[in-house]
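Structure below is final-v9.txt: compact mmCIF, N, CA and C atoms and all ligand atoms.
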# COMPACT_ATOMS: atom_id res chain seq x y z
N MET N 276 43.56 89.90 38.66
CA MET N 276 43.01 88.89 39.58
C MET N 276 41.59 88.51 39.16
N GLY N 277 40.82 89.50 38.80
CA GLY N 277 39.46 89.24 38.36
C GLY N 277 39.41 88.40 37.11
N SER N 278 40.31 88.74 36.17
CA SER N 278 40.33 87.98 34.92
C SER N 278 40.89 86.59 35.13
N VAL N 279 41.75 86.44 36.15
CA VAL N 279 42.27 85.11 36.49
C VAL N 279 41.13 84.21 36.93
N CYS N 280 40.26 84.76 37.76
CA CYS N 280 39.10 84.01 38.23
C CYS N 280 38.21 83.59 37.07
N LYS N 281 38.00 84.52 36.14
CA LYS N 281 37.15 84.22 34.98
C LYS N 281 37.80 83.17 34.08
N GLY N 282 39.11 83.28 33.95
CA GLY N 282 39.85 82.29 33.16
C GLY N 282 39.73 80.91 33.80
N LEU N 283 39.88 80.88 35.12
CA LEU N 283 39.74 79.62 35.86
C LEU N 283 38.35 79.05 35.69
N ALA N 284 37.36 79.93 35.73
CA ALA N 284 35.97 79.50 35.58
C ALA N 284 35.76 78.85 34.23
N THR N 285 36.31 79.47 33.18
CA THR N 285 36.19 78.92 31.84
C THR N 285 36.89 77.58 31.74
N LEU N 286 38.13 77.55 32.27
CA LEU N 286 38.93 76.33 32.24
C LEU N 286 38.22 75.21 32.99
N TYR N 287 37.70 75.56 34.17
CA TYR N 287 36.99 74.58 34.99
C TYR N 287 35.74 74.11 34.28
N GLY N 288 35.09 75.02 33.61
CA GLY N 288 33.88 74.67 32.87
C GLY N 288 34.17 73.66 31.78
N VAL N 289 35.25 73.91 31.03
CA VAL N 289 35.61 73.03 29.92
C VAL N 289 36.01 71.65 30.43
N PHE N 290 36.98 71.64 31.36
CA PHE N 290 37.47 70.35 31.85
C PHE N 290 36.43 69.66 32.72
N GLY N 291 35.65 70.43 33.45
CA GLY N 291 34.59 69.87 34.27
C GLY N 291 33.54 69.16 33.42
N SER N 292 33.21 69.78 32.28
CA SER N 292 32.23 69.17 31.39
C SER N 292 32.76 67.87 30.82
N ILE N 293 34.03 67.91 30.38
CA ILE N 293 34.65 66.69 29.84
C ILE N 293 34.68 65.61 30.92
N GLY N 294 35.09 66.03 32.14
CA GLY N 294 35.16 65.09 33.26
C GLY N 294 33.80 64.49 33.57
N THR N 295 32.78 65.32 33.53
CA THR N 295 31.42 64.86 33.81
C THR N 295 31.00 63.78 32.82
N ILE N 296 31.26 64.05 31.54
CA ILE N 296 30.88 63.10 30.49
C ILE N 296 31.65 61.79 30.66
N VAL N 297 32.98 61.92 30.88
CA VAL N 297 33.82 60.73 31.03
C VAL N 297 33.40 59.92 32.25
N MET N 298 33.17 60.64 33.38
CA MET N 298 32.81 59.97 34.62
C MET N 298 31.47 59.25 34.49
N SER N 299 30.48 59.95 33.93
CA SER N 299 29.17 59.33 33.83
C SER N 299 29.20 58.16 32.84
N TYR N 300 30.07 58.31 31.83
CA TYR N 300 30.21 57.24 30.83
C TYR N 300 30.80 55.99 31.48
N SER N 301 31.88 56.17 32.27
CA SER N 301 32.56 55.00 32.83
C SER N 301 31.86 54.47 34.08
N LEU N 302 31.33 55.38 34.90
CA LEU N 302 30.64 54.94 36.11
C LEU N 302 29.32 54.25 35.77
N GLY N 303 28.74 54.67 34.65
CA GLY N 303 27.47 54.09 34.23
C GLY N 303 27.59 52.61 33.91
N LYS N 304 28.82 52.16 33.67
CA LYS N 304 29.04 50.75 33.33
C LYS N 304 29.08 49.86 34.57
N ILE N 305 29.27 50.51 35.74
CA ILE N 305 29.30 49.73 36.98
C ILE N 305 27.91 49.15 37.22
N GLY N 306 27.88 47.91 37.50
CA GLY N 306 26.61 47.26 37.79
C GLY N 306 25.93 46.71 36.55
N ALA N 307 26.51 47.04 35.39
CA ALA N 307 25.92 46.51 34.16
C ALA N 307 26.34 45.05 34.01
N VAL N 308 25.42 44.25 33.57
CA VAL N 308 25.68 42.82 33.46
C VAL N 308 26.62 42.55 32.27
N HIS N 309 26.27 43.14 31.16
CA HIS N 309 27.09 42.96 29.97
C HIS N 309 27.99 44.18 29.78
N ARG N 310 29.08 43.97 29.11
CA ARG N 310 30.06 45.03 28.89
C ARG N 310 29.46 46.21 28.11
N ALA N 311 28.61 45.88 27.18
CA ALA N 311 28.03 46.93 26.34
C ALA N 311 26.88 47.65 27.05
N ASP N 312 26.35 47.01 28.07
CA ASP N 312 25.22 47.62 28.80
C ASP N 312 25.71 48.74 29.71
N ARG N 313 24.77 49.52 30.17
CA ARG N 313 25.11 50.48 31.20
C ARG N 313 23.91 50.69 32.12
N THR N 314 24.20 51.11 33.34
CA THR N 314 23.12 51.44 34.25
C THR N 314 22.76 52.89 33.99
N TRP N 315 21.68 53.08 33.32
CA TRP N 315 21.32 54.44 32.89
C TRP N 315 21.02 55.36 34.07
N LEU N 316 20.45 54.79 35.11
CA LEU N 316 20.13 55.59 36.30
C LEU N 316 21.42 56.17 36.88
N LEU N 317 22.44 55.30 36.98
CA LEU N 317 23.72 55.74 37.52
C LEU N 317 24.38 56.75 36.58
N THR N 318 24.32 56.44 35.30
CA THR N 318 24.91 57.34 34.30
C THR N 318 24.30 58.74 34.41
N ILE N 319 22.97 58.75 34.45
CA ILE N 319 22.28 60.04 34.47
C ILE N 319 22.52 60.77 35.80
N SER N 320 22.48 60.01 36.92
CA SER N 320 22.68 60.70 38.21
C SER N 320 24.10 61.24 38.35
N VAL N 321 25.09 60.48 37.86
CA VAL N 321 26.47 60.97 37.91
C VAL N 321 26.59 62.21 37.03
N PHE N 322 25.98 62.14 35.85
CA PHE N 322 26.05 63.26 34.90
C PHE N 322 25.43 64.51 35.50
N LEU N 323 24.22 64.35 36.05
CA LEU N 323 23.53 65.51 36.62
C LEU N 323 24.24 66.03 37.86
N GLY N 324 24.65 65.09 38.72
CA GLY N 324 25.32 65.47 39.97
C GLY N 324 26.60 66.22 39.71
N MET N 325 27.44 65.66 38.88
CA MET N 325 28.73 66.30 38.59
C MET N 325 28.55 67.57 37.77
N GLY N 326 27.63 67.46 36.82
CA GLY N 326 27.38 68.62 35.95
C GLY N 326 26.92 69.82 36.76
N LEU N 327 26.05 69.57 37.72
CA LEU N 327 25.53 70.63 38.57
C LEU N 327 26.65 71.23 39.41
N MET N 328 27.51 70.34 39.94
CA MET N 328 28.61 70.80 40.77
C MET N 328 29.57 71.66 39.95
N VAL N 329 29.90 71.18 38.76
CA VAL N 329 30.80 71.92 37.87
C VAL N 329 30.19 73.28 37.54
N ALA N 330 28.91 73.28 37.20
CA ALA N 330 28.23 74.53 36.85
C ALA N 330 28.27 75.51 38.01
N MET N 331 28.02 74.98 39.23
CA MET N 331 27.98 75.85 40.40
C MET N 331 29.35 76.47 40.69
N ILE N 332 30.39 75.62 40.63
CA ILE N 332 31.74 76.12 40.89
C ILE N 332 32.13 77.13 39.81
N CYS N 333 31.73 76.82 38.59
CA CYS N 333 32.02 77.70 37.45
C CYS N 333 31.39 79.07 37.67
N VAL N 334 30.12 79.06 38.00
CA VAL N 334 29.39 80.32 38.23
C VAL N 334 30.00 81.07 39.41
N ALA N 335 30.33 80.32 40.48
CA ALA N 335 30.91 80.94 41.67
C ALA N 335 32.24 81.62 41.33
N LEU N 336 33.08 80.92 40.58
CA LEU N 336 34.37 81.49 40.19
C LEU N 336 34.19 82.73 39.32
N TYR N 337 33.24 82.60 38.40
CA TYR N 337 33.00 83.71 37.47
C TYR N 337 32.48 84.94 38.23
N THR N 338 31.55 84.68 39.14
CA THR N 338 31.00 85.76 39.95
C THR N 338 32.07 86.42 40.79
N LEU N 339 32.94 85.57 41.35
CA LEU N 339 34.05 86.06 42.16
C LEU N 339 34.93 87.00 41.32
N GLY N 340 35.20 86.57 40.10
CA GLY N 340 36.00 87.39 39.19
C GLY N 340 35.32 88.71 38.89
N ASP N 341 34.00 88.62 38.71
CA ASP N 341 33.20 89.82 38.41
C ASP N 341 33.24 90.79 39.59
N ILE N 342 33.02 90.25 40.78
CA ILE N 342 33.03 91.08 41.98
C ILE N 342 34.38 91.75 42.15
N HIS N 343 35.40 90.94 41.92
CA HIS N 343 36.76 91.46 42.08
C HIS N 343 37.02 92.62 41.11
N GLU N 344 36.60 92.42 39.86
CA GLU N 344 36.80 93.47 38.85
C GLU N 344 36.03 94.73 39.21
N GLN N 345 34.81 94.53 39.71
CA GLN N 345 34.00 95.68 40.10
C GLN N 345 34.62 96.42 41.27
N LEU N 346 35.10 95.65 42.24
CA LEU N 346 35.75 96.25 43.39
C LEU N 346 36.94 97.08 42.95
N GLN N 347 37.71 96.53 42.01
CA GLN N 347 38.88 97.23 41.51
C GLN N 347 38.50 98.53 40.84
N SER N 348 37.43 98.49 40.03
CA SER N 348 37.05 99.71 39.33
C SER N 348 36.46 100.73 40.30
N TYR N 349 35.76 100.22 41.34
CA TYR N 349 35.25 101.13 42.36
C TYR N 349 36.39 101.84 43.07
N THR N 350 37.36 101.03 43.47
CA THR N 350 38.51 101.58 44.18
C THR N 350 39.20 102.61 43.31
N PHE N 351 39.35 102.26 42.04
CA PHE N 351 40.04 103.17 41.12
C PHE N 351 39.25 104.45 40.95
N ALA N 352 37.94 104.31 40.76
CA ALA N 352 37.09 105.50 40.58
C ALA N 352 37.12 106.37 41.82
N GLY N 353 37.06 105.70 42.98
CA GLY N 353 37.08 106.44 44.23
C GLY N 353 38.36 107.20 44.41
N ARG N 354 39.46 106.58 44.02
CA ARG N 354 40.75 107.21 44.21
C ARG N 354 40.99 108.35 43.23
N SER N 355 40.59 108.13 41.97
CA SER N 355 40.84 109.19 41.00
C SER N 355 39.85 110.34 41.20
N GLY N 356 38.74 110.02 41.90
CA GLY N 356 37.79 111.06 42.25
C GLY N 356 38.41 112.08 43.20
N LEU N 357 39.29 111.62 44.04
CA LEU N 357 40.05 112.54 44.88
C LEU N 357 41.08 113.23 43.99
N SER N 358 41.47 114.40 44.40
CA SER N 358 42.39 115.13 43.55
C SER N 358 43.76 114.46 43.50
N ASP N 359 44.13 113.85 44.61
CA ASP N 359 45.44 113.21 44.63
C ASP N 359 45.29 111.70 44.73
N LEU N 360 46.04 110.99 43.94
CA LEU N 360 45.87 109.55 43.83
C LEU N 360 46.36 108.80 45.06
N SER N 361 47.36 109.36 45.72
CA SER N 361 47.91 108.63 46.85
C SER N 361 47.52 109.27 48.18
N GLY N 362 46.55 110.16 48.12
CA GLY N 362 46.16 110.91 49.31
C GLY N 362 45.66 110.07 50.47
N LEU N 363 45.22 108.86 50.19
CA LEU N 363 44.66 108.04 51.25
C LEU N 363 45.72 107.50 52.18
N SER N 364 46.91 107.28 51.65
CA SER N 364 47.89 106.57 52.46
C SER N 364 48.97 107.49 53.03
N GLU N 365 49.12 108.68 52.51
CA GLU N 365 50.22 109.50 53.00
C GLU N 365 49.78 110.38 54.17
N ASP N 366 50.71 110.77 55.00
CA ASP N 366 50.35 111.58 56.15
C ASP N 366 50.20 113.04 55.73
N LYS N 367 49.65 113.82 56.63
CA LYS N 367 49.27 115.20 56.32
C LYS N 367 50.46 116.04 55.85
N GLU N 368 51.60 115.87 56.54
CA GLU N 368 52.77 116.69 56.21
C GLU N 368 53.28 116.42 54.80
N THR N 369 53.38 115.13 54.47
CA THR N 369 53.82 114.73 53.13
C THR N 369 52.85 115.27 52.08
N LYS N 370 51.58 115.16 52.39
CA LYS N 370 50.55 115.62 51.47
C LYS N 370 50.68 117.13 51.23
N ASN N 371 50.85 117.88 52.32
CA ASN N 371 50.97 119.33 52.19
C ASN N 371 52.18 119.72 51.34
N LYS N 372 53.31 119.03 51.59
CA LYS N 372 54.51 119.31 50.81
C LYS N 372 54.28 119.06 49.33
N ARG N 373 53.60 117.94 49.05
CA ARG N 373 53.36 117.58 47.66
C ARG N 373 52.40 118.57 47.02
N LEU N 374 51.38 118.99 47.78
CA LEU N 374 50.41 119.96 47.26
C LEU N 374 51.13 121.27 46.89
N LEU N 375 52.00 121.71 47.78
CA LEU N 375 52.74 122.96 47.53
C LEU N 375 53.65 122.82 46.32
N ALA N 376 54.28 121.66 46.20
CA ALA N 376 55.18 121.42 45.06
C ALA N 376 54.41 121.40 43.75
N ASN N 377 53.13 121.03 43.81
CA ASN N 377 52.33 120.97 42.59
C ASN N 377 51.50 122.22 42.37
N GLY N 378 51.97 123.33 42.84
CA GLY N 378 51.27 124.59 42.59
C GLY N 378 50.20 124.91 43.61
N GLY N 379 50.24 124.23 44.73
CA GLY N 379 49.27 124.51 45.78
C GLY N 379 49.58 125.82 46.50
N TRP N 380 48.73 126.20 47.42
CA TRP N 380 48.95 127.46 48.12
C TRP N 380 48.62 127.33 49.60
N LYS N 381 49.21 128.20 50.40
CA LYS N 381 48.99 128.17 51.84
C LYS N 381 48.17 129.39 52.22
N CYS N 382 47.09 129.16 52.94
CA CYS N 382 46.24 130.27 53.35
C CYS N 382 47.00 131.14 54.36
N PRO N 383 47.14 132.44 54.09
CA PRO N 383 47.87 133.32 55.00
C PRO N 383 47.12 133.56 56.31
N ASP N 384 45.85 133.30 56.31
CA ASP N 384 45.07 133.55 57.51
C ASP N 384 45.12 132.40 58.51
N CYS N 385 44.85 131.18 58.01
CA CYS N 385 44.75 130.06 58.93
C CYS N 385 45.85 129.03 58.73
N GLY N 386 46.62 129.18 57.66
CA GLY N 386 47.74 128.28 57.46
C GLY N 386 47.41 126.96 56.79
N SER N 387 46.17 126.80 56.36
CA SER N 387 45.80 125.56 55.68
C SER N 387 46.46 125.48 54.31
N ILE N 388 46.83 124.26 53.92
CA ILE N 388 47.42 124.05 52.60
C ILE N 388 46.32 123.61 51.64
N HIS N 389 46.30 124.21 50.47
CA HIS N 389 45.27 123.85 49.49
C HIS N 389 45.90 123.49 48.16
N PRO N 390 45.31 122.53 47.45
CA PRO N 390 45.77 122.24 46.09
C PRO N 390 45.44 123.42 45.17
N SER N 391 46.13 123.50 44.04
CA SER N 391 46.03 124.68 43.19
C SER N 391 44.61 124.94 42.68
N TYR N 392 43.82 123.84 42.50
CA TYR N 392 42.48 124.05 41.93
C TYR N 392 41.49 124.61 42.94
N GLU N 393 41.82 124.55 44.21
CA GLU N 393 40.92 125.12 45.21
C GLU N 393 41.18 126.62 45.29
N THR N 394 40.13 127.41 45.17
CA THR N 394 40.32 128.86 45.12
C THR N 394 39.94 129.54 46.42
N THR N 395 39.21 128.80 47.26
CA THR N 395 38.79 129.42 48.51
C THR N 395 39.13 128.53 49.69
N CYS N 396 39.60 129.14 50.74
CA CYS N 396 39.91 128.38 51.95
C CYS N 396 38.64 128.18 52.75
N LYS N 397 38.69 127.20 53.65
CA LYS N 397 37.52 126.95 54.48
C LYS N 397 37.24 128.11 55.44
N CYS N 398 38.28 128.93 55.68
CA CYS N 398 38.07 130.06 56.57
C CYS N 398 37.46 131.25 55.84
N GLY N 399 37.29 131.14 54.53
CA GLY N 399 36.61 132.19 53.78
C GLY N 399 37.55 133.02 52.92
N ARG N 400 38.83 132.92 53.16
CA ARG N 400 39.77 133.72 52.39
C ARG N 400 39.97 133.10 51.00
N SER N 401 39.98 133.91 49.96
CA SER N 401 40.16 133.32 48.64
C SER N 401 41.63 133.42 48.24
N LYS N 402 42.03 132.53 47.32
CA LYS N 402 43.42 132.33 46.93
C LYS N 402 44.10 133.62 46.48
N ASN N 403 43.40 134.43 45.71
CA ASN N 403 44.05 135.59 45.09
C ASN N 403 43.85 136.90 45.85
N ASP N 404 43.39 136.78 47.08
CA ASP N 404 43.23 138.02 47.87
C ASP N 404 44.56 138.60 48.25
ZN ZN N 501 42.27 129.87 55.65

Here is the file; what I need is its structure written in the form of structure tokens.
Amino acid sequence: MGSVCKGLATLYGVFGSIGTIVMSYSLGKIGAVHRADRTWLLTISVFLGMGLMVAMICVALYTLGDIHEQLQSYTFAGRSGLSDLSGLSEDKETKNKRLLANGGWKCPDCGSIHPSYETTCKCGRSKND
């Protein structure tokens, strides 16, 4: 999604620039007395106006893509930082079952389920006691 936004930004930038040139070229002829003449004020204002708009939309799209990519990497980092990748969405019972299936252990004192890498329970009892 992030790269789609960046791709759109690039595409918009390219076609927007072409459009700006074409528009200012053809609109600049409006009001000109002779066919070869052009109204430079109109040409320049159309060019600047459209160019600025294209640039702004381009930057906005690109920034959006950047934000999206960063959000994705944050989410990913946050999730892999937890020991279990799907721990955020599953309920406690499912999580406990999965922990036990993956070499986890159950504290004999308080009944808490722990993943295999945890060696001490919150109640103070250690895994290998
Ligand atoms: Zn315990």

Which residue gives the smallest distance to N:Gly288 among N:Pro383, N:Ser320, N:Val334, N:Cys398, with only N, CA and C atoms counted? N:Val334

Which neighbours of N:Cys280 fall inside 6 Å, counting only C-alpha atoms, when residues of the same chain fewer than 3 positions from it are skipped, and could you give them as number ranges by chain? N: 277, 283, 336, 340

Using only N, CA and C atoms and all ligand atoms, which residues have at least one atom no more than 8 Å from ligand ZN 501 (chain N)? Output them as a ChimeraX atom specification. /N:381-388,395-401

Output N, CA and C atoms of each residue in that selection to a file, as a PDB file, keeping the file's coordinate frame.
ATOM      1  N   LYS N 381      49.210 128.200  50.400  1.00  0.00           N
ATOM      2  CA  LYS N 381      48.990 128.170  51.840  1.00  0.00           C
ATOM      3  C   LYS N 381      48.170 129.390  52.220  1.00  0.00           C
ATOM      4  N   CYS N 382      47.090 129.160  52.940  1.00  0.00           N
ATOM      5  CA  CYS N 382      46.240 130.270  53.350  1.00  0.00           C
ATOM      6  C   CYS N 382      47.000 131.140  54.360  1.00  0.00           C
ATOM      7  N   PRO N 383      47.140 132.440  54.090  1.00  0.00           N
ATOM      8  CA  PRO N 383      47.870 133.320  55.000  1.00  0.00           C
ATOM      9  C   PRO N 383      47.120 133.560  56.310  1.00  0.00           C
ATOM     10  N   ASP N 384      45.850 133.300  56.310  1.00  0.00           N
ATOM     11  CA  ASP N 384      45.070 133.550  57.510  1.00  0.00           C
ATOM     12  C   ASP N 384      45.120 132.400  58.510  1.00  0.00           C
ATOM     13  N   CYS N 385      44.850 131.180  58.010  1.00  0.00           N
ATOM     14  CA  CYS N 385      44.750 130.060  58.930  1.00  0.00           C
ATOM     15  C   CYS N 385      45.850 129.030  58.730  1.00  0.00           C
ATOM     16  N   GLY N 386      46.620 129.180  57.660  1.00  0.00           N
ATOM     17  CA  GLY N 386      47.740 128.280  57.460  1.00  0.00           C
ATOM     18  C   GLY N 386      47.410 126.960  56.790  1.00  0.00           C
ATOM     19  N   SER N 387      46.170 126.800  56.360  1.00  0.00           N
ATOM     20  CA  SER N 387      45.800 125.560  55.680  1.00  0.00           C
ATOM     21  C   SER N 387      46.460 125.480  54.310  1.00  0.00           C
ATOM     22  N   ILE N 388      46.830 124.260  53.920  1.00  0.00           N
ATOM     23  CA  ILE N 388      47.420 124.050  52.600  1.00  0.00           C
ATOM     24  C   ILE N 388      46.320 123.610  51.640  1.00  0.00           C
ATOM     25  N   THR N 395      39.210 128.800  47.260  1.00  0.00           N
ATOM     26  CA  THR N 395      38.790 129.420  48.510  1.00  0.00           C
ATOM     27  C   THR N 395      39.130 128.530  49.690  1.00  0.00           C
ATOM     28  N   CYS N 396      39.600 129.140  50.740  1.00  0.00           N
ATOM     29  CA  CYS N 396      39.910 128.380  51.950  1.00  0.00           C
ATOM     30  C   CYS N 396      38.640 128.180  52.750  1.00  0.00           C
ATOM     31  N   LYS N 397      38.690 127.200  53.650  1.00  0.00           N
ATOM     32  CA  LYS N 397      37.520 126.950  54.480  1.00  0.00           C
ATOM     33  C   LYS N 397      37.240 128.110  55.440  1.00  0.00           C
ATOM     34  N   CYS N 398      38.280 128.930  55.680  1.00  0.00           N
ATOM     35  CA  CYS N 398      38.070 130.060  56.570  1.00  0.00           C
ATOM     36  C   CYS N 398      37.460 131.250  55.840  1.00  0.00           C
ATOM     37  N   GLY N 399      37.290 131.140  54.530  1.00  0.00           N
ATOM     38  CA  GLY N 399      36.610 132.190  53.780  1.00  0.00           C
ATOM     39  C   GLY N 399      37.550 133.020  52.920  1.00  0.00           C
ATOM     40  N   ARG N 400      38.830 132.920  53.160  1.00  0.00           N
ATOM     41  CA  ARG N 400      39.770 133.720  52.390  1.00  0.00           C
ATOM     42  C   ARG N 400      39.970 133.100  51.000  1.00  0.00           C
ATOM     43  N   SER N 401      39.980 133.910  49.960  1.00  0.00           N
ATOM     44  CA  SER N 401      40.160 133.320  48.640  1.00  0.00           C
ATOM     45  C   SER N 401      41.630 133.420  48.240  1.00  0.00           C
TER      46      SER N 401
END

Non-local contacts of N:Ser391 (8 Å; only N, CA and C atoms; under 6 positions in same chain excluded) as an NGL selection string: :N and (374-375 or 377-380)

With DSSP run on the backbone, what are the strand (DSSP E) residues within stretch 277-403 of chain N? I'd like them as a ChimeraX atom specification. /N:380-381,388-389

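The nearest approach to N:Asp341 among the residues N:Lys281, N:Glu368, N:Lys402, N:Met298, with only N, CA and C atoms taken into account, belongs to N:Lys281.
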